[in-house]
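Structure first, commentary second.
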Number of protein chains: 2
Amino acid sequence: MVFDAIDKRLLEYLQQDSKQTNKELSLKLDLSVTAVYERIKKLEREGFIDSYVAIVNKEKIEKDFVVFCHVKLVQHAQDYVIKFEKAVTSLNEVLECYHISGDYDYLLKVIVRDMPSFREFMVKKLTTIDHIGSTHSMFVISEVKHSTAINF
Amino acid sequence: MVFDAIDKRLLEYLQQDSKQTNKELSLKLDLSVTAVYERIKKLEREGFIDSYVAIVNKEKIEKDFVVFCHVKLVQHAQDYVIKFEKAVTSLNEVLECYHISGDYDYLLKVIVRDMPSFREFMVKKLTTIDHIGSTHSMFVISEVKHSTAINF
DNA sequence: ATATTTTAAGAAAATTATTCGGTTATGGTT
DNA sequence: AACCATAACCGAATAATTTTCTTAAAATAT
């Protein structure tokens with residue numbers, strides 16, 4: 001399987017707007033509609049494209065209170081880690097969770113409605129998970145840049 | 001404009017998979033194809049849906065070295081802030097940038113190929129921006145959860 | 001209770017995606 | 001350089017989907 005410069009450009013376009021028609025893409029890439037179609041199918045089949053999603057506006061649905069939470073575990077025994085990761089994954093306020101290097105073990109991206117909701121989330125959900133040592137919250141004052149597109 | 005429970009479910013479905021046909025959605029929502037069509041158009045028009053994008057697999061394109069960078073400015077005069085935000089936004093390794101509360105001013109999500117590329121990014125790009133006081137990098141060991149869908 | 005507006009439905013039209021058969025490039029082998 | 005095998009491409013035909021249109025039913029206001 002060869003992944004060439006045209007595939008690269010195609011992915012760039014699709015990361016920007018996945019609702020473009022194959023005809024539009026065929027003009028940009030100087031290919032036939034069929035060639036574009038088959039390249040897209042190949043990229044989907046081979047796993048280059050994970051999914052197609054709609055990006056919704058946080059403000060509009062009043063879920064625009066974003067907080068990054070650092071979490072440290074008391075111990076790092078494997079079953080503690082597994083349990084924590086499973087628990088945190090199931091929380092729908094947690095959109096992202098990363099195991100990271102540094103002073104803390106994890107970095108979580110949490111999205112809720114407002115500060116009271118955040119308190120509720122911390123008290124009733126996050127800190128009820130076993131083996132959490134400490135947490136540290138960083139509130140997002142403003143989103144300067146937010147893109148889902150990976151540049152080559 | 002009313003945003004009801006059906007719209008909510010519709011957004012949930014579209015955040016999961018935006019390539020579903022209106023017919024599939026009409027079955028899930030127990031509506032006609034036209035009703036689904038018009039609701040989607042309304043959500044797009046009113047700004048509930050920002051865009052439709054393809055999510056590409058980082059590993060596949062060998063851009064899966066993810067780093068969160070804290071950045072502190074030397075001063076917070078408005079023109080320093082504006083310049084920094086503009087400069088950082090233009091860097092295509094920086095997918096996300098947040099102005100945050102706490103010890104540091106900004107949190108950046110950086111995606112590159114590997115550690116050498118990261119070093120290159122830090123030395124040649126990030127730290128050449130004016131007025132940066134200090135930085136602190138947290139390397140992602142593993143991505144436990146990564147979703148673009150906001151839950152209601 | 002009546003008028004007005006919104007929402008929904010089915011059918012028709014327009015556009016788009018997908019399949020198909022044949023052709024042209026590409027890479028490797030002799 | 002000629003050969004084969006494979007992959008990529010194209011245009012046309014078909015299938016599926018989106019979009020428009022017309023009308024009917026709810027919901028809301030007068």
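All residue names refer to the structure tokens as shown: chains lettered A, B, ... in order, residues numbered from 1 in each chain, ligands numbered from 1 in order.
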Checklist entry - chain C residues within 9 Å of chain A, counting only C-alpha atoms (C1' of nucleotides): which ones, as a PyMOL selection string? => result chain C and resi 16-18
Next on the checklist: Using only C-alpha atoms and a distance of at most 8 Å, pull out the residues of chain A that contact chain B, as a PyMOL selection string.
Outcome noted: chain A and resi 11+14-19+47-58+60-61+63+85+89+92-93+95-102+111+138-152
For C-alpha atoms, I'd like the residues from the last selection saved as a PDB file, in the first residue's frame.
ATOM      1  CA  LEU A  11      -6.668  13.876   4.187  1.00  0.00           C
ATOM      2  CA  LEU A  14     -11.250  15.904   4.640  1.00  0.00           C
ATOM      3  CA  GLN A  15      -9.938  17.004   8.031  1.00  0.00           C
ATOM      4  CA  GLN A  16     -11.048  20.515   7.149  1.00  0.00           C
ATOM      5  CA  ASP A  17     -14.465  19.630   5.746  1.00  0.00           C
ATOM      6  CA  SER A  18     -15.668  16.068   5.378  1.00  0.00           C
ATOM      7  CA  LYS A  19     -18.924  17.107   3.687  1.00  0.00           C
ATOM      8  CA  GLY A  47      -7.429   2.841   8.904  1.00  0.00           C
ATOM      9  CA  PHE A  48      -6.073   6.252   8.002  1.00  0.00           C
ATOM     10  CA  ILE A  49      -9.507   7.683   8.667  1.00  0.00           C
ATOM     11  CA  ASP A  50     -10.935   6.671  12.038  1.00  0.00           C
ATOM     12  CA  SER A  51     -14.316   8.351  11.731  1.00  0.00           C
ATOM     13  CA  TYR A  52     -16.343  11.255  10.465  1.00  0.00           C
ATOM     14  CA  VAL A  53     -17.876  13.507  13.091  1.00  0.00           C
ATOM     15  CA  ALA A  54     -19.843  16.689  13.525  1.00  0.00           C
ATOM     16  CA  ILE A  55     -18.157  19.342  15.651  1.00  0.00           C
ATOM     17  CA  VAL A  56     -20.754  21.031  17.820  1.00  0.00           C
ATOM     18  CA  ASN A  57     -20.545  24.510  19.237  1.00  0.00           C
ATOM     19  CA  LYS A  58     -19.953  24.378  22.998  1.00  0.00           C
ATOM     20  CA  LYS A  60     -24.618  27.031  21.846  1.00  0.00           C
ATOM     21  CA  ILE A  61     -25.391  24.020  23.961  1.00  0.00           C
ATOM     22  CA  LYS A  63     -21.402  23.315  27.865  1.00  0.00           C
ATOM     23  CA  GLU A  85      -8.563   4.466  33.661  1.00  0.00           C
ATOM     24  CA  THR A  89     -13.254   6.767  30.748  1.00  0.00           C
ATOM     25  CA  ASN A  92     -18.979  11.702  30.133  1.00  0.00           C
ATOM     26  CA  GLU A  93     -17.716  15.038  31.462  1.00  0.00           C
ATOM     27  CA  LEU A  95     -13.671  14.112  26.979  1.00  0.00           C
ATOM     28  CA  GLU A  96      -9.986  13.351  27.047  1.00  0.00           C
ATOM     29  CA  CYS A  97      -7.625  11.567  29.384  1.00  0.00           C
ATOM     30  CA  TYR A  98      -3.861  11.254  28.957  1.00  0.00           C
ATOM     31  CA  HIS A  99      -1.297   9.348  30.932  1.00  0.00           C
ATOM     32  CA  ILE A 100       1.557  11.824  31.117  1.00  0.00           C
ATOM     33  CA  SER A 101       5.088  12.298  32.356  1.00  0.00           C
ATOM     34  CA  GLY A 102       5.839  14.758  35.112  1.00  0.00           C
ATOM     35  CA  ILE A 111     -16.315  19.913  29.948  1.00  0.00           C
ATOM     36  CA  MET A 138      -6.626  24.533  35.636  1.00  0.00           C
ATOM     37  CA  PHE A 139      -9.564  26.543  34.357  1.00  0.00           C
ATOM     38  CA  VAL A 140      -9.698  27.545  30.741  1.00  0.00           C
ATOM     39  CA  ILE A 141     -10.024  31.319  30.472  1.00  0.00           C
ATOM     40  CA  SER A 142     -10.172  31.302  26.700  1.00  0.00           C
ATOM     41  CA  GLU A 143      -9.675  28.890  23.845  1.00  0.00           C
ATOM     42  CA  VAL A 144      -7.035  30.473  21.651  1.00  0.00           C
ATOM     43  CA  LYS A 145      -6.859  27.616  19.132  1.00  0.00           C
ATOM     44  CA  HIS A 146      -8.732  24.395  18.778  1.00  0.00           C
ATOM     45  CA  SER A 147      -8.260  22.198  15.752  1.00  0.00           C
ATOM     46  CA  THR A 148      -8.829  18.506  15.099  1.00  0.00           C
ATOM     47  CA  ALA A 149      -6.720  18.527  11.943  1.00  0.00           C
ATOM     48  CA  ILE A 150      -3.229  17.087  12.113  1.00  0.00           C
ATOM     49  CA  ASN A 151      -0.833  18.852   9.775  1.00  0.00           C
ATOM     50  CA  PHE A 152       1.738  16.893   7.790  1.00  0.00           C
TER      51      PHE A 152
END
Checklist entry - What residues in chain D have any atom no more than 9 Å from chain B when counting only C-alpha atoms (C1' of nucleotides), and can you write them as a PyMOL selection string? => result chain D and resi 17-19
With N, CA and C atoms (P, O5', C5', C4', C3', O3' and C1' of nucleotides) kept, could you save the residues just selected as a short mmCIF file (atom, residue, chain, number, x, y, z; two decimals), in the first residue's frame?
data_model
loop_
_atom_site.label_atom_id
_atom_site.label_comp_id
_atom_site.auth_asym_id
_atom_site.auth_seq_id
_atom_site.Cartn_x
_atom_site.Cartn_y
_atom_site.Cartn_z
P DT D 17 -28.83 5.14 0.78
"O5'" DT D 17 -28.70 6.72 0.56
"C5'" DT D 17 -27.43 7.29 0.23
"C4'" DT D 17 -27.60 8.77 -0.02
"C3'" DT D 17 -28.47 9.47 1.03
"O3'" DT D 17 -27.69 10.48 1.65
"C1'" DT D 17 -29.15 10.06 -1.17
P DT D 18 -28.32 11.49 2.73
"O5'" DT D 18 -28.58 12.79 1.84
"C5'" DT D 18 -27.51 13.29 1.05
"C4'" DT D 18 -27.99 14.42 0.15
"C3'" DT D 18 -28.60 15.62 0.88
"O3'" DT D 18 -28.06 16.77 0.25
"C1'" DT D 18 -30.12 14.82 -0.73
P DT D 19 -28.23 18.24 0.93
"O5'" DT D 19 -29.52 18.80 0.21
"C5'" DT D 19 -29.43 19.10 -1.18
"C4'" DT D 19 -30.80 19.39 -1.74
"C3'" DT D 19 -31.62 20.44 -0.97
"O3'" DT D 19 -31.73 21.57 -1.81
"C1'" DT D 19 -32.96 18.60 -1.67
#
Checklist outcome for this item: Between CA of Met115 in chain A and CA of Leu73 in chain A lies a distance of 24.4 Å
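Between CA of Val2 in chain B and C1' of DA3 in chain C lies a distance of 22.0 Å.
Inside range 61-109 of chain B, the residues DSSP reads as strand (DSSP E) when given the backbone are Phe65, Val66, Val67, Phe68, Cys69, His70, Val71, Lys72, Leu73, Val94, Leu95, Glu96, Cys97, Tyr98, His99, Ile100, Tyr106, Leu107, Leu108 and Lys109 of chain B.
Rounded to one decimal, CA of Ala87 in chain B and CA of Pro116 in chain B lie 21.9 Å from each other.
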Item to check | Picked from range 3-141 of chain A by DSSP as helix (DSSP H, G or I), as a ChimeraX atom specification | outcome: /A:5-16,22-29,33-45,78-89,115-128
Item to check | Shell around DC21 in chain D at 10 Å using only C-alpha atoms (C1' of nucleotides), local window under 4 positions removed, as a VMD selection string | outcome: chain C and resid 11 to 13
